[in-house]
Each structure stands twice: as structure tokens, then as C-alpha cells.
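Participant: So here's run-v8.cif (mmCIF, C-alpha atoms, pLDDT in the B column; chains and numbers go by the auth columns).
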```
data_entry
#
loop_
_atom_site.group_PDB
_atom_site.id
_atom_site.type_symbol
_atom_site.label_atom_id
_atom_site.label_comp_id
_atom_site.label_asym_id
_atom_site.label_seq_id
_atom_site.Cartn_x
_atom_site.Cartn_y
_atom_site.Cartn_z
_atom_site.B_iso_or_equiv
_atom_site.auth_seq_id
_atom_site.auth_asym_id
ATOM 1 C CA MET A 1 24.191 40.148 -113.522 52.00 1205 N
ATOM 2 C CA SER A 2 26.017 37.022 -112.643 55.00 1206 N
ATOM 3 C CA MET A 3 26.347 36.020 -108.998 56.00 1207 N
ATOM 4 C CA PRO A 4 29.845 35.383 -107.620 56.00 1208 N
ATOM 5 C CA ALA A 5 30.664 31.772 -107.102 55.00 1209 N
ATOM 6 C CA PRO A 6 30.327 30.702 -103.462 56.00 1210 N
ATOM 7 C CA ILE A 7 33.589 30.467 -101.594 51.00 1211 N
ATOM 8 C CA SER A 8 34.169 26.942 -100.382 52.00 1212 N
ATOM 9 C CA PRO A 9 35.506 26.654 -96.853 52.00 1213 N
ATOM 10 C CA ALA A 10 39.195 26.032 -96.651 50.00 1214 N
ATOM 11 C CA SER A 11 39.994 22.403 -96.121 50.00 1215 N
ATOM 12 C CA PRO A 12 41.611 21.778 -92.785 52.00 1216 N
ATOM 13 C CA GLY A 13 45.335 21.181 -92.876 49.00 1217 N
ATOM 14 C CA PRO A 14 46.919 17.960 -91.698 51.00 1218 N
ATOM 15 C CA GLN A 15 46.316 17.352 -88.014 49.00 1219 N
ATOM 16 C CA PRO A 16 49.365 16.948 -85.800 53.00 1220 N
ATOM 17 C CA PRO A 17 49.906 13.371 -84.656 66.00 1221 N
ATOM 18 C CA ARG A 18 48.380 12.414 -81.370 92.00 1222 N
ATOM 19 C CA LEU A 19 50.562 12.231 -78.289 94.00 1223 N
ATOM 20 C CA LEU A 20 50.939 8.442 -78.327 95.00 1224 N
ATOM 21 C CA ASP A 21 51.787 8.486 -82.040 95.00 1225 N
ATOM 22 C CA GLN A 22 54.380 11.184 -81.380 95.00 1226 N
ATOM 23 C CA LEU A 23 55.813 8.965 -78.658 96.00 1227 N
ATOM 24 C CA ARG A 24 56.054 6.027 -81.063 96.00 1228 N
ATOM 25 C CA GLN A 25 57.711 8.160 -83.748 96.00 1229 N
ATOM 26 C CA THR A 26 60.236 9.620 -81.324 96.00 1230 N
ATOM 27 C CA ALA A 27 61.143 6.182 -79.995 96.00 1231 N
ATOM 28 C CA LEU A 28 61.417 4.773 -83.537 96.00 1232 N
ATOM 29 C CA ALA A 29 63.827 7.556 -84.474 96.00 1233 N
ATOM 30 C CA ARG A 30 65.845 6.862 -81.324 94.00 1234 N
ATOM 31 C CA PHE A 31 65.999 3.063 -81.400 95.00 1235 N
ATOM 32 C CA GLY A 32 65.405 2.234 -85.075 95.00 1236 N
ATOM 33 C CA ARG A 33 62.803 -0.425 -84.304 95.00 1237 N
ATOM 34 C CA PRO A 34 59.131 -0.224 -83.296 95.00 1238 N
ATOM 35 C CA GLU A 35 59.110 -2.399 -80.158 96.00 1239 N
ATOM 36 C CA PRO A 36 60.283 0.177 -77.564 95.00 1240 N
ATOM 37 C CA GLY A 37 57.828 2.781 -78.858 96.00 1241 N
ATOM 38 C CA GLU A 38 54.897 0.375 -78.683 96.00 1242 N
ATOM 39 C CA ARG A 39 55.818 -0.522 -75.117 96.00 1243 N
ATOM 40 C CA TYR A 40 56.244 3.137 -74.140 97.00 1244 N
ATOM 41 C CA ALA A 41 52.920 4.055 -75.739 96.00 1245 N
ATOM 42 C CA GLU A 42 51.091 1.335 -73.809 96.00 1246 N
ATOM 43 C CA TRP A 43 52.495 2.517 -70.471 96.00 1247 N
ATOM 44 C CA ALA A 44 51.773 6.152 -71.380 96.00 1248 N
ATOM 45 C CA ARG A 45 48.190 5.191 -72.271 96.00 1249 N
ATOM 46 C CA ARG A 46 47.736 3.497 -68.889 96.00 1250 N
ATOM 47 C CA TYR A 47 49.253 6.525 -67.153 96.00 1251 N
ATOM 48 C CA LEU A 48 46.852 8.922 -68.899 95.00 1252 N
ATOM 49 C CA LEU A 49 43.816 6.746 -68.163 95.00 1253 N
ATOM 50 C CA PHE A 50 44.845 6.463 -64.505 95.00 1254 N
ATOM 51 C CA HIS A 51 44.778 10.281 -64.292 95.00 1255 N
ATOM 52 C CA GLY A 52 41.496 10.759 -66.159 94.00 1256 N
ATOM 53 C CA LYS A 53 43.069 11.452 -69.570 94.00 1257 N
ATOM 54 C CA ARG A 54 44.778 14.621 -68.375 94.00 1258 N
ATOM 55 C CA HIS A 55 47.691 15.755 -70.514 94.00 1259 N
ATOM 56 C CA PRO A 56 51.106 14.830 -69.076 94.00 1260 N
ATOM 57 C CA ARG A 57 52.086 18.520 -69.103 94.00 1261 N
ATOM 58 C CA ASP A 58 49.408 19.052 -66.447 94.00 1262 N
ATOM 59 C CA LEU A 59 50.837 16.274 -64.272 94.00 1263 N
ATOM 60 C CA GLY A 60 53.956 16.241 -62.144 91.00 1264 N
ATOM 61 C CA THR A 61 56.318 14.078 -60.158 91.00 1265 N
ATOM 62 C CA GLY A 62 53.703 13.317 -57.501 91.00 1266 N
ATOM 63 C CA ASP A 63 51.283 12.081 -60.157 93.00 1267 N
ATOM 64 C CA VAL A 64 53.968 9.825 -61.585 94.00 1268 N
ATOM 65 C CA GLY A 65 54.615 8.486 -58.084 92.00 1269 N
ATOM 66 C CA ARG A 66 50.933 7.720 -57.489 92.00 1270 N
ATOM 67 C CA PHE A 67 50.753 5.811 -60.758 94.00 1271 N
ATOM 68 C CA LEU A 68 53.872 3.783 -59.917 92.00 1272 N
ATOM 69 C CA ASP A 69 52.465 3.011 -56.448 90.00 1273 N
ATOM 70 C CA HIS A 70 49.345 1.681 -58.171 91.00 1274 N
ATOM 71 C CA ILE A 71 51.511 -0.506 -60.429 91.00 1275 N
ATOM 72 C CA ALA A 72 53.461 -1.849 -57.444 86.00 1276 N
ATOM 73 C CA GLN A 73 50.250 -2.918 -55.703 84.00 1277 N
ATOM 74 C CA SER A 74 48.317 -4.306 -58.678 85.00 1278 N
ATOM 75 C CA GLU A 75 50.719 -6.100 -61.048 84.00 1279 N
ATOM 76 C CA LYS A 76 51.532 -9.802 -60.874 80.00 1280 N
ATOM 77 C CA ASP A 77 55.190 -9.036 -61.647 82.00 1281 N
ATOM 78 C CA PRO A 78 55.559 -5.638 -59.939 85.00 1282 N
ATOM 79 C CA LEU A 79 59.326 -5.307 -60.274 84.00 1283 N
ATOM 80 C CA ARG A 80 59.408 -5.819 -64.027 87.00 1284 N
ATOM 81 C CA SER A 81 56.324 -3.647 -64.510 91.00 1285 N
ATOM 82 C CA LEU A 82 57.767 -0.837 -62.381 89.00 1286 N
ATOM 83 C CA GLU A 83 60.997 -0.837 -64.353 89.00 1287 N
ATOM 84 C CA GLN A 84 59.133 -0.721 -67.677 93.00 1288 N
ATOM 85 C CA ALA A 85 56.703 1.996 -66.542 94.00 1289 N
ATOM 86 C CA GLN A 86 59.492 4.159 -65.112 92.00 1290 N
ATOM 87 C CA GLU A 87 61.504 3.825 -68.337 93.00 1291 N
ATOM 88 C CA ALA A 88 58.469 4.721 -70.478 95.00 1292 N
ATOM 89 C CA LEU A 89 57.474 7.776 -68.432 95.00 1293 N
ATOM 90 C CA THR A 90 61.059 9.024 -68.296 93.00 1294 N
ATOM 91 C CA PHE A 91 61.187 8.849 -72.098 95.00 1295 N
ATOM 92 C CA LEU A 92 57.776 10.530 -72.396 96.00 1296 N
ATOM 93 C CA TYR A 93 58.729 13.532 -70.295 95.00 1297 N
ATOM 94 C CA LYS A 94 62.406 13.898 -71.151 94.00 1298 N
ATOM 95 C CA ASP A 95 62.604 12.946 -74.837 95.00 1299 N
ATOM 96 C CA LEU A 96 59.149 13.877 -76.133 95.00 1300 N
ATOM 97 C CA LEU A 97 57.879 16.725 -73.939 95.00 1301 N
ATOM 98 C CA HIS A 98 61.340 18.021 -72.995 94.00 1302 N
ATOM 99 C CA LEU A 99 60.314 18.418 -69.377 93.00 1303 N
ATOM 100 C CA ASN A 100 62.650 17.630 -66.512 89.00 1304 N
ATOM 101 C CA LEU A 101 60.763 15.996 -63.661 82.00 1305 N
ATOM 102 C CA GLY A 102 63.862 14.469 -62.184 78.00 1306 N
ATOM 103 C CA GLU A 103 64.154 10.762 -61.535 74.00 1307 N
ATOM 104 C CA PRO A 104 60.643 9.283 -61.178 70.00 1308 N
ATOM 105 C CA PRO A 105 60.211 7.794 -57.691 72.00 1309 N
ATOM 106 C CA MET A 106 60.460 4.022 -57.577 76.00 1310 N
ATOM 107 C CA PRO A 107 58.215 2.510 -54.885 79.00 1311 N
ATOM 108 C CA GLN A 108 59.194 -0.665 -53.113 74.00 1312 N
ATOM 109 C CA PRO A 109 57.439 -3.761 -54.480 72.00 1313 N
ATOM 110 C CA PRO A 110 55.151 -5.268 -51.837 76.00 1314 N
ATOM 111 C CA ARG A 111 56.493 -8.823 -52.060 85.00 1315 N
ATOM 112 C CA LEU A 112 59.668 -9.501 -50.118 90.00 1316 N
ATOM 113 C CA LEU A 113 61.535 -11.409 -52.825 90.00 1317 N
ATOM 114 C CA ASP A 114 60.754 -8.648 -55.323 88.00 1318 N
ATOM 115 C CA ARG A 115 62.207 -6.181 -52.836 88.00 1319 N
ATOM 116 C CA VAL A 116 65.360 -8.291 -52.699 92.00 1320 N
ATOM 117 C CA ARG A 117 65.627 -8.220 -56.498 90.00 1321 N
ATOM 118 C CA HIS A 118 65.049 -4.470 -56.533 87.00 1322 N
ATOM 119 C CA ALA A 119 67.741 -3.840 -53.917 89.00 1323 N
ATOM 120 C CA ILE A 120 70.213 -5.962 -55.889 92.00 1324 N
ATOM 121 C CA ARG A 121 69.479 -4.228 -59.201 89.00 1325 N
ATOM 122 C CA VAL A 122 69.843 -0.783 -57.668 85.00 1326 N
ATOM 123 C CA ARG A 123 73.355 -1.810 -56.629 90.00 1327 N
ATOM 124 C CA HIS A 124 74.080 -3.196 -60.123 90.00 1328 N
ATOM 125 C CA TYR A 125 74.963 -6.699 -58.957 94.00 1329 N
ATOM 126 C CA SER A 126 75.115 -9.434 -61.566 94.00 1330 N
ATOM 127 C CA PRO A 127 71.987 -11.406 -62.571 93.00 1331 N
ATOM 128 C CA ARG A 128 73.687 -14.527 -61.199 95.00 1332 N
ATOM 129 C CA THR A 129 74.078 -12.902 -57.780 95.00 1333 N
ATOM 130 C CA GLU A 130 70.455 -11.763 -57.908 94.00 1334 N
ATOM 131 C CA ASP A 131 69.156 -15.285 -58.581 94.00 1335 N
ATOM 132 C CA CYS A 132 71.457 -16.747 -55.934 96.00 1336 N
ATOM 133 C CA PHE A 133 70.446 -14.323 -53.159 96.00 1337 N
ATOM 134 C CA VAL A 134 66.735 -14.672 -53.953 94.00 1338 N
ATOM 135 C CA GLU A 135 66.997 -18.474 -53.916 96.00 1339 N
ATOM 136 C CA TRP A 136 68.691 -18.507 -50.499 96.00 1340 N
ATOM 137 C CA ALA A 137 66.157 -16.064 -49.071 95.00 1341 N
ATOM 138 C CA GLU A 138 63.333 -18.284 -50.294 94.00 1342 N
ATOM 139 C CA ARG A 139 64.974 -21.440 -48.900 95.00 1343 N
ATOM 140 C CA PHE A 140 65.441 -19.747 -45.529 95.00 1344 N
ATOM 141 C CA ILE A 141 61.783 -18.687 -45.394 94.00 1345 N
ATOM 142 C CA ARG A 142 60.534 -22.130 -46.402 93.00 1346 N
ATOM 143 C CA PHE A 143 62.835 -23.826 -43.885 94.00 1347 N
ATOM 144 C CA HIS A 144 61.104 -21.894 -41.102 94.00 1348 N
ATOM 145 C CA GLY A 145 57.549 -22.633 -42.253 94.00 1349 N
ATOM 146 C CA LEU A 146 57.014 -19.474 -44.346 91.00 1350 N
ATOM 147 C CA ARG A 147 57.579 -17.147 -41.402 91.00 1351 N
ATOM 148 C CA HIS A 148 58.430 -13.583 -42.395 91.00 1352 N
ATOM 149 C CA PRO A 149 62.105 -12.735 -41.746 93.00 1353 N
ATOM 150 C CA ASN A 150 60.941 -9.720 -39.703 90.00 1354 N
ATOM 151 C CA THR A 151 59.791 -12.198 -37.065 92.00 1355 N
ATOM 152 C CA MET A 152 63.128 -14.031 -37.032 93.00 1356 N
ATOM 153 C CA GLY A 153 66.750 -13.167 -36.429 91.00 1357 N
ATOM 154 C CA GLY A 154 70.129 -14.551 -35.462 91.00 1358 N
ATOM 155 C CA PRO A 155 68.975 -17.832 -33.832 92.00 1359 N
ATOM 156 C CA GLU A 156 66.876 -18.807 -36.866 93.00 1360 N
ATOM 157 C CA ILE A 157 69.758 -18.022 -39.224 94.00 1361 N
ATOM 158 C CA GLU A 158 72.132 -20.121 -37.088 92.00 1362 N
ATOM 159 C CA THR A 159 69.668 -23.027 -37.156 93.00 1363 N
ATOM 160 C CA PHE A 160 69.356 -22.786 -40.931 93.00 1364 N
ATOM 161 C CA LEU A 161 73.113 -22.621 -41.511 92.00 1365 N
ATOM 162 C CA THR A 162 73.750 -25.482 -39.116 91.00 1366 N
ATOM 163 C CA ASP A 163 71.174 -27.614 -40.914 91.00 1367 N
ATOM 164 C CA LEU A 164 72.948 -26.914 -44.189 91.00 1368 N
ATOM 165 C CA ALA A 165 76.230 -28.152 -42.717 87.00 1369 N
ATOM 166 C CA VAL A 166 74.783 -31.223 -40.970 88.00 1370 N
ATOM 167 C CA ASN A 167 71.912 -32.400 -43.135 87.00 1371 N
ATOM 168 C CA GLY A 168 72.786 -30.755 -46.456 79.00 1372 N
ATOM 169 C CA PRO A 169 75.553 -31.442 -46.478 80.00 1373 N
ATOM 170 C CA VAL A 170 76.988 -28.474 -48.307 83.00 1374 N
ATOM 171 C CA ALA A 171 80.501 -27.213 -48.906 86.00 1375 N
ATOM 172 C CA ALA A 172 81.894 -24.381 -46.838 87.00 1376 N
ATOM 173 C CA SER A 173 81.736 -22.039 -49.826 89.00 1377 N
ATOM 174 C CA THR A 174 78.033 -22.805 -50.292 91.00 1378 N
ATOM 175 C CA GLN A 175 77.303 -22.131 -46.632 90.00 1379 N
ATOM 176 C CA ASN A 176 79.179 -18.816 -46.878 91.00 1380 N
ATOM 177 C CA GLN A 177 77.104 -17.964 -49.937 94.00 1381 N
ATOM 178 C CA ALA A 178 73.910 -18.551 -47.962 94.00 1382 N
ATOM 179 C CA LEU A 179 75.263 -16.422 -45.105 93.00 1383 N
ATOM 180 C CA CYS A 180 76.053 -13.514 -47.466 94.00 1384 N
ATOM 181 C CA ALA A 181 72.573 -13.728 -48.978 95.00 1385 N
ATOM 182 C CA LEU A 182 70.898 -13.616 -45.560 95.00 1386 N
ATOM 183 C CA PHE A 183 73.078 -10.727 -44.400 93.00 1387 N
ATOM 184 C CA PHE A 184 72.010 -8.835 -47.514 95.00 1388 N
ATOM 185 C CA LEU A 185 68.349 -9.661 -46.865 94.00 1389 N
ATOM 186 C CA TYR A 186 68.427 -8.399 -43.300 94.00 1390 N
ATOM 187 C CA GLN A 187 70.770 -5.436 -43.577 92.00 1391 N
ATOM 188 C CA GLN A 188 70.104 -4.044 -47.060 92.00 1392 N
ATOM 189 C CA VAL A 189 66.426 -4.947 -47.561 90.00 1393 N
ATOM 190 C CA LEU A 190 64.895 -5.084 -44.074 91.00 1394 N
ATOM 191 C CA GLY A 191 67.283 -2.640 -42.396 91.00 1395 N
ATOM 192 C CA ILE A 192 67.927 -5.006 -39.483 91.00 1396 N
ATOM 193 C CA GLU A 193 71.407 -5.406 -37.992 90.00 1397 N
ATOM 194 C CA LEU A 194 72.273 -8.978 -37.120 87.00 1398 N
ATOM 195 C CA PRO A 195 74.250 -10.082 -34.039 84.00 1399 N
ATOM 196 C CA ARG A 196 77.343 -12.233 -34.217 84.00 1400 N
ATOM 197 C CA LEU A 197 76.316 -15.649 -35.508 82.00 1401 N
ATOM 198 C CA ASP A 198 77.507 -18.946 -34.078 74.00 1402 N
ATOM 199 C CA ALA A 199 76.499 -21.707 -36.471 65.00 1403 N
ATOM 200 C CA LEU A 200 78.205 -25.015 -37.112 64.00 1404 N
ATOM 201 C CA ARG A 201 80.436 -24.372 -40.078 66.00 1405 N
ATOM 202 C CA ALA A 202 80.647 -26.743 -42.985 56.00 1406 N
ATOM 203 C CA ARG A 203 84.008 -28.456 -43.381 55.00 1407 N
ATOM 204 C CA ARG A 204 86.304 -27.482 -46.157 51.00 1408 N
ATOM 205 C CA PRO A 205 87.356 -30.481 -48.260 50.00 1409 N
ATOM 206 C CA SER A 206 90.853 -31.693 -47.570 48.00 1410 N
ATOM 207 C CA ARG A 207 93.097 -31.322 -50.596 55.00 1411 N
ATOM 208 C CA LEU A 208 95.936 -33.812 -50.765 51.00 1412 N
ATOM 209 C CA PRO A 209 99.025 -32.762 -52.692 55.00 1413 N
ATOM 210 C CA THR A 210 99.725 -34.550 -55.914 58.00 1414 N
ATOM 211 C CA VAL A 211 103.049 -36.310 -55.406 60.00 1415 N
ATOM 212 C CA LEU A 212 103.019 -38.670 -58.388 59.00 1416 N
ATOM 213 C CA SER A 213 101.919 -38.006 -61.913 62.00 1417 N
ATOM 214 C CA PRO A 214 99.211 -40.265 -63.367 57.00 1418 N
#
```
For the file at hand, write its structure as C-alpha cells.
Facilitator:
Amino acid sequence: MSMPAPISPASPGPQPPRLLDQLRQTALARFGRPEPGERYAEWARRYLLFHGKRHPRDLGTGDVGRFLDHIAQSEKDPLRSLEQAQEALTFLYKDLLHLNLGEPPMPQPPRLLDRVRHAIRVRHYSPRTEDCFVEWAERFIRFHGLRHPNTMGGPEIETFLTDLAVNGPVAASTQNQALCALFFLYQQVLGIELPRLDALRARRPSRLPTVLSP
């Protein structure tokens, strides 16, 4: 009597792609190039490691916020890193997991000039305005021996603007540009209202009418 042939175990079917691979594939289908998916996968990997490799479905808005706070305190370029991490985690939850966590919280970068850049970008000002306002804020701080603007106010701004007019010398439009940048720094970033300022104003150039052609 012949023995029945042993039944071989069924071979396992194809395994579903891992979460990070799914993220890459979804981003590739969306953007048509691999770079965004690789960047998203790297930020997702760091997010998962930060939370002990827990699945994102088991994490919520508060966990995202704690990770972004960690990024703000630890990165050399916190503003750029925060923007990239927020974009990656938004794509992870919304486009891959189809979960609505709302807008991930964006912590304030610890460095003052990064906070200025962040405040400008939130208001969708131009990159040229961003660079201009940051440059004037830095010049103001250096002029006063690297003192924090929180420890200064109207008199220090008047001294700085007067120095621009006297020792610069700068045009009136340039002095007004510096004034706008410092008003933005104090009112929009630091939340400090400034008093009426009384600085020596730069002179506007006299423009003589052209009475004869060349």
C-alpha cells in the first residue's frame, strides 16, 4: 500500500510593502520623481524612531508636536527642518494613512532670526522681503553689541536709525526700510508695541528738473 505524498506547506504570498516603501510609492505616484518620497521617508523614519518605532496610527497630534519641538531644539537649521518635517508628516497621515490630524503644530524656532523668517513666511511675504528684514534685524543687534531686542526699545531704535542717517549715510528710502523691518521684529515677532520714534531722518535727494535736453 503506497503512502500518500506529503503535503508541502503553502508558500507564503507576497508580503505587503513596508510603511516607508508605501510612502515612497505614494509620493512617486503623486510627484512623478523619487526625491520627495525619499525625503518624506527619511523624516517618517526619524519620527518613528523618536516614538520607539510605534506605528503612526497609534500616534496623534500631540506626538507630532513633541517630535517637531525636538526638531526645533536640535537642528542646526531649525526653520528649514521644521518645514520639511511638517510637510512629510502631513503627507504620511493625509495621503498614505488617510487620517486627518489637522494642521500639525509648528513650534517657534529658538533662534530669533529664524523666528523672524518663520513669521515672514507665515504671512507669505516675498523672499526678498524676508532677506531684507532679517538683515536689518541682524544689523540692529550687532550695532548694540549683540544685545537681545527684548532688552531694548524705542531709544535704541532711534540711535540706530540716527546713525544710519549721519554715519551711513543712507537714503531716506533705506532708512524707512530699516524702520519697517524693526517694527516687524518688535510687533509681529516679539509682540512688543513701540512708542513714537524721534530719530534724525535721512535727507531725500534733491531732484532738479531737466530743462535742456542733452
Participant: Got a sec to resolve the PyMOL selection byres ((chain N and resi 1383-1399) around 8) on this structure and send the residues as a PyMOL selection string?
Facilitator: chain N and resi 1319-1320+1323+1336-1338+1340-1341+1353-1354+1357-1358+1361+1365+1379-1382+1400-1401
Participant: Using all atoms listed in the file for the distances, tell me which of N:Pro1238, N:His1302, N:Met1310, N:Arg1284 is nearest to Val1268 (chain N).
Facilitator: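 Under the stated criterion, the closest residue is N:Met1310.
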Participant: Assuming the chain letters and numbering stay as they are in my file, what does the PyMOL selection byres ((chain N and resi 1276-1283) around 8) actually select? List them as a list of chain:residue names.
Facilitator: N:Leu1272, N:Asp1273, N:His1274, N:Ile1275, N:Arg1284, N:Ser1285, N:Leu1286, N:Glu1287, N:Pro1311, N:Gln1312, N:Pro1313, N:Pro1314, N:Asp1318, N:Arg1321, N:His1322
Participant: Nearest to Lys1298 (chain N) among N:Arg1249, N:Arg1261, N:Thr1378, N:Thr1363, with distances taken over all atoms listed in the file: which residue is it?
Facilitator: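 That would be N:Arg1261, the residue with the smallest distance to Lys1298 (chain N).
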Participant: Mind pulling up the distance from CA of Pro1309 (chain N) to CA of Arg1228 (chain N)?
Facilitator: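 Distance between the two atoms: 23.8 Å.
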Participant: What's around Leu1227 (chain N) at 7 Å? Count all atoms listed in the file, leave out sequence neighbours fewer than 2 positions away in its own chain, and write the answer as a list in words.
Facilitator: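 Answer for this query is Leu1223, Leu1224, Asp1225, Gln1229, Thr1230, Ala1231, Gly1241, Ala1245, Leu1296 and Leu1300 of chain N.
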Participant: Draw an axis-aligned box tight on the listed atoms of region 1253-1272 of chain N, then pad every side by 4 Å and write out centre and edge lengths in Å to one decimal as lines of an AutoDock Vina configuration file.
Facilitator:
```
center_x = 48.9
center_y = 11.4
center_z = -64.0
size_x = 22.8
size_y = 23.3
size_z = 21.0
```
Participant: Going by the chain IDs and residue numbers used in this file, which residues fall under the PyMOL selection byres ((chain N and resi 1307) around 10)? Write them as a short mmCIF file (atom, residue, chain, number, x, y, z; two decimals) with C-alpha atoms, in the coordinates of the input.
Facilitator:
```cif
data_model
loop_
_atom_site.label_atom_id
_atom_site.label_comp_id
_atom_site.auth_asym_id
_atom_site.auth_seq_id
_atom_site.Cartn_x
_atom_site.Cartn_y
_atom_site.Cartn_z
CA THR N 1265 56.32 14.08 -60.16
CA GLN N 1290 59.49 4.16 -65.11
CA THR N 1294 61.06 9.02 -68.30
CA ASN N 1304 62.65 17.63 -66.51
CA LEU N 1305 60.76 16.00 -63.66
CA GLY N 1306 63.86 14.47 -62.18
CA PRO N 1308 60.64 9.28 -61.18
CA PRO N 1309 60.21 7.79 -57.69
CA MET N 1310 60.46 4.02 -57.58
#
```
Participant: What does the structure give for the distance between CA of Arg1234 (chain N) and CA of Glu1291 (chain N), in Å to one decimal?
Facilitator: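 Computing it gives 14.0 Å between the two atoms.
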Participant: To one decimal place in Å, what is the distance between CA of Ile1345 (chain N) and CA of Ala1369 (chain N)?
Facilitator: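 Computing it gives 17.5 Å between the two atoms.
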Participant: When distances are computed from all atoms listed in the file, which of N:Gly1264, N:Arg1222, N:His1259, N:Gln1288 shows the smallest separation from Tyr1244 (chain N)?
Facilitator: N:Gln1288
Participant: Restricting the calculation to only C-alpha atoms, which member of N:Asp1367, N:Ser1330, N:Phe1295, N:Gly1256 is positioned closest to His1348 (chain N)?
Facilitator: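 The shortest atom-to-atom distance to His1348 (chain N) comes from N:Asp1367.
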